[in-house]
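A.B. asks: Sharing work-v5.tsv below, TSV, C-alpha atoms:
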```tsv
chain	number	residue	atom	x	y	z
A	1	MET	CA	30.91	51.88	29.19
A	2	LYS	CA	31.61	55.36	28.05
A	3	LYS	CA	35.14	56.12	27.26
A	4	ARG	CA	36.67	58.96	29.21
A	5	ARG	CA	37.58	61.96	27.13
A	6	LYS	CA	41.19	62.81	27.08
A	7	LYS	CA	41.96	66.16	28.74
A	8	THR	CA	43.29	68.81	26.39
A	9	TRP	CA	46.73	69.94	27.60
A	10	ILE	CA	48.41	73.13	26.46
A	11	HIS	CA	52.08	73.67	27.07
A	12	PRO	CA	52.71	76.62	29.48
A	13	LYS	CA	55.15	78.23	27.06
A	14	ILE	CA	52.50	78.35	24.34
A	15	LEU	CA	49.98	79.81	26.81
A	16	TYR	CA	52.43	82.53	27.97
A	17	ALA	CA	53.26	83.40	24.37
A	18	CYS	CA	49.55	83.77	23.48
A	19	LEU	CA	48.90	85.99	26.52
A	20	ALA	CA	51.91	88.14	25.67
A	21	VAL	CA	50.70	88.61	22.09
A	22	LEU	CA	47.21	89.46	23.38
A	23	CYS	CA	48.63	92.10	25.76
A	24	VAL	CA	50.67	93.71	22.99
A	25	LEU	CA	47.62	93.81	20.71
A	26	LEU	CA	45.50	95.39	23.46
A	27	ILE	CA	48.18	98.03	24.07
A	28	LEU	CA	48.39	98.87	20.37
A	29	LEU	CA	44.62	99.01	20.01
A	30	SER	CA	44.32	101.24	23.10
A	31	PHE	CA	46.72	103.75	21.58
A	32	LYS	CA	45.12	103.67	18.13
A	33	PHE	CA	41.49	103.63	19.25
A	34	SER	CA	41.86	105.55	22.52
A	35	ASP	CA	38.46	107.19	22.11
A	36	HIS	CA	36.71	103.86	21.76
A	37	PHE	CA	38.47	102.43	24.82
A	38	ALA	CA	37.79	105.44	27.07
A	39	VAL	CA	34.64	103.84	28.51
A	40	VAL	CA	36.53	100.62	29.19
A	41	LYS	CA	39.39	102.54	30.86
A	42	THR	CA	36.94	104.38	33.06
A	43	ALA	CA	35.19	101.20	34.09
A	44	VAL	CA	38.48	99.45	34.79
A	45	GLY	CA	39.74	102.51	36.72
A	46	ASP	CA	36.56	102.62	38.81
A	47	ALA	CA	36.91	98.93	39.58
A	48	ILE	CA	40.63	99.09	40.39
A	49	SER	CA	40.66	102.38	42.42
A	50	PRO	CA	39.16	100.89	45.64
A	51	MET	CA	41.53	97.98	45.35
A	52	GLN	CA	44.46	100.35	44.83
A	53	LYS	CA	43.38	102.44	47.82
A	54	GLY	CA	43.17	99.34	49.99
A	55	ILE	CA	46.55	98.13	48.76
A	56	ASN	CA	48.06	101.57	49.51
A	57	THR	CA	46.55	101.56	53.02
A	58	VAL	CA	47.87	98.07	53.74
A	59	GLY	CA	51.25	98.97	52.26
A	60	THR	CA	51.47	102.13	54.38
A	61	ALA	CA	50.55	100.21	57.52
A	62	ILE	CA	53.13	97.52	56.75
A	63	ALA	CA	55.76	100.18	56.07
A	64	GLU	CA	54.98	101.90	59.38
A	65	LYS	CA	55.25	98.60	61.22
A	66	VAL	CA	58.56	97.84	59.53
A	67	ASP	CA	59.86	101.34	60.44
A	68	LEU	CA	58.63	100.88	64.02
A	69	LEU	CA	60.34	97.52	64.36
A	70	SER	CA	63.52	98.91	62.85
A	71	SER	CA	63.40	101.92	65.18
A	72	LYS	CA	62.72	99.66	68.18
A	73	LYS	CA	65.64	97.43	67.25
A	74	SER	CA	67.88	100.47	66.90
A	75	LEU	CA	66.74	101.83	70.29
A	76	LEU	CA	67.36	98.46	71.95
A	77	GLU	CA	70.87	98.35	70.52
A	78	GLU	CA	71.52	101.93	71.68
A	79	ASN	CA	70.12	101.10	75.11
A	80	LYS	CA	72.41	98.08	75.36
A	81	GLU	CA	75.42	100.19	74.39
A	82	LEU	CA	74.47	102.86	76.96
A	83	LYS	CA	74.08	100.22	79.69
A	84	GLU	CA	77.52	98.83	78.86
A	85	LYS	CA	78.99	102.33	79.02
A	86	ILE	CA	77.23	102.99	82.35
A	87	ASP	CA	78.54	99.70	83.76
A	88	THR	CA	82.06	100.61	82.59
A	89	LEU	CA	81.81	104.09	84.11
A	90	SER	CA	80.38	102.70	87.37
A	91	TYR	CA	83.25	100.23	87.64
A	92	ALA	CA	85.78	102.97	86.88
A	93	ASN	CA	84.14	105.19	89.50
A	94	LYS	CA	84.35	102.41	92.10
A	95	VAL	CA	88.01	101.86	91.27
A	96	LEU	CA	88.71	105.59	91.60
A	97	SER	CA	86.78	105.76	94.88
A	98	GLY	CA	88.78	102.83	96.22
A	99	GLU	CA	92.04	104.43	95.09
A	100	ASN	CA	91.03	107.76	96.67
A	101	SER	CA	90.14	105.99	99.91
A	102	GLU	CA	93.46	104.13	99.90
A	103	LEU	CA	95.31	107.36	99.11
A	104	GLU	CA	93.52	109.07	101.99
A	105	ASN	CA	94.57	106.22	104.31
A	106	PHE	CA	98.19	106.58	103.22
A	107	ARG	CA	98.03	110.33	103.75
A	108	GLU	CA	96.54	109.79	107.21
A	109	MET	CA	99.22	107.25	108.09
A	110	TYR	CA	101.93	109.61	106.85
A	111	ASN	CA	100.61	112.50	108.96
A	112	LEU	CA	100.32	110.22	112.00
A	113	ASP	CA	103.89	109.00	111.50
A	114	LYS	CA	105.07	112.61	111.44
A	115	LYS	CA	103.04	113.39	114.58
A	116	TYR	CA	105.05	110.83	116.59
A	117	PRO	CA	108.47	110.85	114.88
A	118	ASP	CA	110.37	109.43	117.86
A	119	TYR	CA	108.66	106.03	117.73
A	120	PRO	CA	109.50	103.29	115.17
A	121	LYS	CA	106.38	101.94	113.48
A	122	VAL	CA	105.10	99.19	111.20
A	123	ALA	CA	102.01	99.67	109.03
A	124	ALA	CA	99.39	96.90	109.04
A	125	LYS	CA	96.00	96.24	107.50
A	126	VAL	CA	92.96	95.21	109.50
A	127	ILE	CA	91.90	91.77	108.26
A	128	SER	CA	89.02	90.83	110.60
A	129	ARG	CA	87.20	91.82	113.75
A	130	ASP	CA	85.26	90.23	116.60
A	131	GLY	CA	81.63	90.80	117.43
A	132	ASN	CA	79.67	93.83	116.37
A	133	ASN	CA	80.24	96.76	114.02
A	134	TRP	CA	82.78	98.39	116.34
A	135	PHE	CA	86.46	97.45	116.13
A	136	HIS	CA	86.83	96.71	119.86
A	137	VAL	CA	88.89	93.57	119.16
A	138	PHE	CA	90.38	93.03	115.70
A	139	TYR	CA	93.19	91.29	113.83
A	140	ILE	CA	95.95	92.74	111.65
A	141	ASP	CA	98.09	91.14	108.94
A	142	LYS	CA	101.43	91.56	110.75
A	143	GLY	CA	102.81	89.27	113.47
A	144	LYS	CA	105.96	87.92	115.12
A	145	ASP	CA	107.80	87.56	111.81
A	146	ASP	CA	107.27	91.30	111.26
A	147	GLY	CA	108.61	92.26	114.69
A	148	ILE	CA	105.21	92.60	116.40
A	149	ALA	CA	105.03	91.70	120.11
A	150	VAL	CA	102.42	91.69	122.86
A	151	ASP	CA	101.83	95.08	124.58
A	152	MET	CA	102.95	97.13	121.58
A	153	ASN	CA	100.83	100.27	121.14
A	154	VAL	CA	98.62	100.63	118.06
A	155	ILE	CA	97.67	104.02	116.58
A	156	ALA	CA	95.50	105.27	113.73
A	157	GLY	CA	93.54	108.37	112.78
A	158	ASN	CA	94.87	111.01	115.18
A	159	GLY	CA	95.98	108.89	118.10
A	160	LEU	CA	95.68	105.76	120.21
A	161	VAL	CA	93.69	102.75	118.98
A	162	GLY	CA	94.69	100.09	121.50
A	163	ILE	CA	97.35	97.54	122.35
A	164	VAL	CA	98.55	94.21	120.92
A	165	ALA	CA	97.03	91.42	123.03
A	166	GLU	CA	98.15	88.34	121.11
A	167	THR	CA	100.55	87.50	118.28
A	168	GLY	CA	101.00	84.76	115.71
A	169	ARG	CA	103.66	84.45	113.04
A	170	HIS	CA	101.70	86.43	110.48
A	171	TYR	CA	98.93	88.07	112.50
A	172	ALA	CA	98.28	89.94	115.72
A	173	LYS	CA	95.20	90.53	117.84
A	174	VAL	CA	94.56	94.10	118.98
A	175	ARG	CA	92.37	95.15	121.91
A	176	ALA	CA	90.98	98.64	121.34
A	177	ILE	CA	90.56	101.23	124.10
A	178	ILE	CA	86.77	101.06	123.67
A	179	ASP	CA	86.67	97.40	124.75
A	180	ASP	CA	85.15	96.64	128.16
A	181	LYS	CA	88.43	95.04	129.28
A	182	SER	CA	90.54	98.06	128.34
A	183	SER	CA	91.89	100.50	130.94
A	184	VAL	CA	94.33	103.26	129.99
A	185	SER	CA	96.28	105.36	132.47
A	186	ALA	CA	96.04	108.85	131.00
A	187	MET	CA	96.39	112.53	131.86
A	188	PHE	CA	95.14	115.92	130.77
A	189	GLU	CA	97.59	117.36	128.29
A	190	LYS	CA	97.33	120.94	129.65
A	191	THR	CA	97.42	120.35	133.41
A	192	GLY	CA	99.03	116.93	133.80
A	193	GLU	CA	96.16	115.77	136.04
A	194	THR	CA	95.91	111.97	135.85
A	195	CYS	CA	92.82	109.88	135.12
A	196	ILE	CA	91.73	106.48	133.84
A	197	VAL	CA	90.14	106.02	130.42
A	198	LYS	CA	87.82	103.04	130.82
A	199	GLY	CA	86.50	101.11	127.83
A	200	ASN	CA	82.72	100.80	127.63
A	201	MET	CA	80.98	99.13	124.70
A	202	GLU	CA	77.61	100.56	125.72
A	203	SER	CA	78.92	104.13	125.87
A	204	ILE	CA	80.66	103.97	122.47
A	205	TYR	CA	77.29	103.58	120.75
A	206	ASN	CA	76.66	107.14	121.92
A	207	GLY	CA	80.02	108.29	120.59
A	208	TYR	CA	82.09	108.35	123.79
A	209	ILE	CA	83.82	106.24	126.44
A	210	ASP	CA	84.25	106.88	130.18
A	211	VAL	CA	86.89	108.82	132.09
A	212	GLU	CA	87.22	108.04	135.80
A	213	LEU	CA	89.32	108.94	138.85
A	214	ILE	CA	89.75	112.61	137.99
A	215	SER	CA	90.78	114.62	141.04
A	216	ASN	CA	88.07	116.95	142.37
A	217	SER	CA	90.63	119.74	142.45
A	218	ALA	CA	91.57	119.31	138.80
A	219	LYS	CA	90.88	122.39	136.73
A	220	ILE	CA	89.51	120.90	133.56
A	221	ALA	CA	86.89	121.86	130.99
A	222	ASP	CA	85.06	120.41	128.03
A	223	GLY	CA	87.35	120.13	125.03
A	224	ASP	CA	90.56	119.47	126.98
A	225	GLU	CA	92.77	116.82	125.36
A	226	ILE	CA	93.63	113.60	127.16
A	227	VAL	CA	96.88	111.77	126.33
A	228	THR	CA	98.55	108.63	127.65
A	229	SER	CA	100.27	109.11	130.99
A	230	HIS	CA	103.93	108.72	131.99
A	231	ILE	CA	102.83	106.40	134.80
A	232	SER	CA	101.21	103.86	132.47
A	233	ASP	CA	103.03	100.52	132.56
A	234	LYS	CA	102.13	99.58	128.94
A	235	PHE	CA	101.15	102.68	127.00
A	236	LEU	CA	103.84	105.04	125.73
A	237	GLN	CA	103.61	108.59	126.98
A	238	GLY	CA	101.95	111.39	125.04
A	239	LEU	CA	99.70	109.48	122.62
A	240	SER	CA	96.46	111.36	122.01
A	241	VAL	CA	93.40	109.49	123.31
A	242	GLY	CA	90.57	111.98	122.86
A	243	TYR	CA	88.80	115.08	124.13
A	244	VAL	CA	86.85	115.33	127.37
A	245	ARG	CA	83.26	116.48	127.75
A	246	ASP	CA	80.41	116.25	130.26
A	247	VAL	CA	82.68	116.69	133.30
A	248	THR	CA	80.69	115.78	136.44
A	249	LYS	CA	81.72	116.26	140.07
A	250	ASN	CA	80.76	113.51	142.47
A	251	PRO	CA	79.74	115.00	145.85
A	252	SER	CA	80.13	111.68	147.63
A	253	SER	CA	83.78	111.15	146.62
A	254	LEU	CA	86.99	113.03	145.95
A	255	THR	CA	86.88	112.41	142.19
A	256	GLN	CA	85.16	113.60	139.05
A	257	THR	CA	83.96	111.66	136.03
A	258	ALA	CA	83.61	112.63	132.39
A	259	HIS	CA	83.03	111.33	128.90
A	260	LEU	CA	85.74	111.13	126.26
A	261	GLU	CA	85.33	111.48	122.50
A	262	PRO	CA	88.05	109.28	120.93
A	263	VAL	CA	90.29	110.73	118.22
A	264	VAL	CA	89.88	107.46	116.27
A	265	ASP	CA	86.82	106.36	114.29
A	266	PHE	CA	86.37	102.82	115.63
A	267	ASP	CA	83.85	101.69	113.04
A	268	GLN	CA	85.97	102.58	109.99
A	269	LEU	CA	89.41	101.14	110.71
A	270	GLU	CA	91.29	99.85	107.67
A	271	THR	CA	94.97	100.55	108.29
A	272	VAL	CA	96.90	101.05	111.54
A	273	LEU	CA	100.45	101.74	112.69
A	274	VAL	CA	102.02	99.48	115.31
A	275	ILE	CA	104.69	101.21	117.42
A	276	THR	CA	107.41	98.57	117.70
A	277	GLN	CA	108.92	100.14	120.82
A	278	LEU	CA	107.66	98.67	124.09
A	279	LYS	CA	107.13	100.84	127.17
A	280	ASP	CA	110.11	100.63	129.53
A	281	SER	CA	108.37	100.16	132.87
A	282	SER	CA	111.48	99.26	134.85
A	283	GLU	CA	111.41	102.60	136.71
A	284	LEU	CA	107.78	102.03	137.69
A	285	LYS	CA	108.61	98.55	138.94
A	286	GLU	CA	111.46	99.94	141.05
A	287	MET	CA	109.15	102.60	142.47
A	288	SER	CA	106.51	100.01	143.29
A	289	LYS	CA	109.11	97.91	145.13
```
Please re-express this file's structure in structure tokens.
C.D. replies:
Amino acid sequence: MKKRRKKTWIHPKILYACLAVLCVLLILLSFKFSDHFAVVKTAVGDAISPMQKGINTVGTAIAEKVDLLSSKKSLLEENKELKEKIDTLSYANKVLSGENSELENFREMYNLDKKYPDYPKVAAKVISRDGNNWFHVFYIDKGKDDGIAVDMNVIAGNGLVGIVAETGRHYAKVRAIIDDKSSVSAMFEKTGETCIVKGNMESIYNGYIDVELISNSAKIADGDEIVTSHISDKFLQGLSVGYVRDVTKNPSSLTQTAHLEPVVDFDQLETVLVITQLKDSSELKEMSK
């Protein structure tokens, strides 16, 4: 059998040292015999130039990609910051809108309180409602413990909302004048002619409720104000109910009918005033006897 030859092994340090010496010698020779090495330089330059061009192209492309990624990252961070600022501003705007709405409610309640200074009142917030979008029956956050009793009048906006129909310790149920079961004895503020304001849930979708039992001889016109009557057994006198329109004479009877535009927005109720004085109907009871 043939013996395997032992592989010649050179230490890396010796190899690096030899290559370093060779490079130094080549540098020195290139300076001293520059003319003789011109052909070699040209050949090496011609061989390296395409490689250098390719390296430059690749380097430029990589640099552009790096710049693009950096720019994209920066834009994403800026976009995130802008979104956070927008969210903050939107929240602040909602808070301000809510505060403005609440301030407007307080201003409205204050003006309404001044409109009827002779009646004691308690402010209450609407906490729920029955049925559809209209506040025909709703609940407030004040009850017996706050001095609220059945048949107390409720006002908001510019006038009459309805009447307290039921009370608990900390809540009360209010029946609005637009409810089908509501009937308000009223009169024309200018002439004193009496009438009945009848709740009608179908009519309110068209922006009005019904007025009935108007005397045929009554001199009334569109735009006349209707207020609660002195002959009502539950509603205090002089509370604004609304303004009449579409007055129609009925040839077959001695009465006229009309529509009434309420002075209260019954789909936007938030806060109301409850008049804590009940109507004294003792005189009416004596008259009826």
A.B. asks: Given the choices A:Ile127, A:Ala258, A:Val272, A:Ala221, which gets closest to A:Ala176 if the distance is worked out from all atoms listed in the file?
C.D. replies: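 Counting all atoms listed in the file, the residue closest to A:Ala176 is A:Val272.
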A.B. asks: If you count only C-alpha atoms, which residues fall within 6 Å of stretch 228-244 of chain A, apart from same-chain ones fewer than 3 positions away, as a PyMOL selection string?
C.D. replies: chain A and resi 159-160+185-187+222-225+259-263+279+281
A.B. asks: Hey, could you make a per-residue contact list for stretch 98-182 of chain A against stretch 202-220 of chain A with 10 Å as the cut-off, showing the nearest pair of atoms and its distance in Å to one decimal, counting only C-alpha atoms, sorted by chain and number, as a Markdown table?
C.D. replies:
```
| residue | atom | partner | partner_atom | distance |
| --- | --- | --- | --- | --- |
| A:Trp134 | CA | A:Ile204 | CA | 8.6 |
| A:His136 | CA | A:Ile204 | CA | 9.9 |
| A:Ile177 | CA | A:Ile209 | CA | 8.7 |
| A:Ile178 | CA | A:Ile209 | CA | 6.6 |
| A:Asp179 | CA | A:Ile204 | CA | 9.2 |
| A:Asp180 | CA | A:Glu202 | CA | 8.8 |
```
A.B. asks: Which residues, written as a VMD selection string, have at least one atom at most 12 Å from A:Val274, with all atoms listed in the file counted and residues fewer than 5 positions away on the same chain left out?
C.D. replies: chain A and resid 109 112 to 113 116 119 to 126 140 to 143 146 to 156 159 to 164 172 to 174 236
A.B. asks: Interatomic distance between atom CA of A:Leu273 and atom CA of A:Asn105?
C.D. replies: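 Taking atom CA of A:Leu273 as the start and atom CA of A:Asn105 as the end point, the length is 11.2 Å.
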A.B. asks: Atom CA of A:Glu78 to atom CA of A:Lys65: how many Å, to one decimal?
C.D. replies: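 These two atoms are separated by 19.6 Å.
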A.B. asks: Could you tell me how far atom CA of A:Ser252 sits from atom CA of A:Thr191, in Å to one decimal place?
C.D. replies: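 According to the coordinates, atom CA of A:Thr191 and atom CA of A:Ser252 are separated by 24.0 Å.
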A.B. asks: Taking 5 positions as the minimum chain separation for residues in the same chain, which residues sit within 10 Å of A:Asn132 when counting all atoms listed in the file? Answer as a list of chain:residue names.
C.D. replies: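 The residues satisfying every condition are A:Val137, A:Met201, A:Asp267.
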A.B. asks: Could you put an axis-aligned box around every listed atom of stretch 239-245 of chain A, padded by 3 Å on each side, and send me its centre and edge lengths in Å to one decimal, as AutoDock Vina command-line options?
C.D. replies:
```
--center_x 91.5 --center_y 113.0 --center_z 124.9 --size_x 22.4 --size_y 13.0 --size_z 11.7
```
A.B. asks: Could you tell me which of A:Leu75, A:Phe188, A:Gly157, A:Val197 comes closest to A:Lys115 if we count only C-alpha atoms?
C.D. replies: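 Closest to A:Lys115, using only C-alpha atoms: A:Gly157.
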A.B. asks: If we count only C-alpha atoms and set the cut-off at 7 Å, which residues sit around A:Arg129, ignoring sequence neighbours fewer than 4 positions away in its own chain? Please answer as a ChimeraX atom specification.
C.D. replies: /A:135,137-139
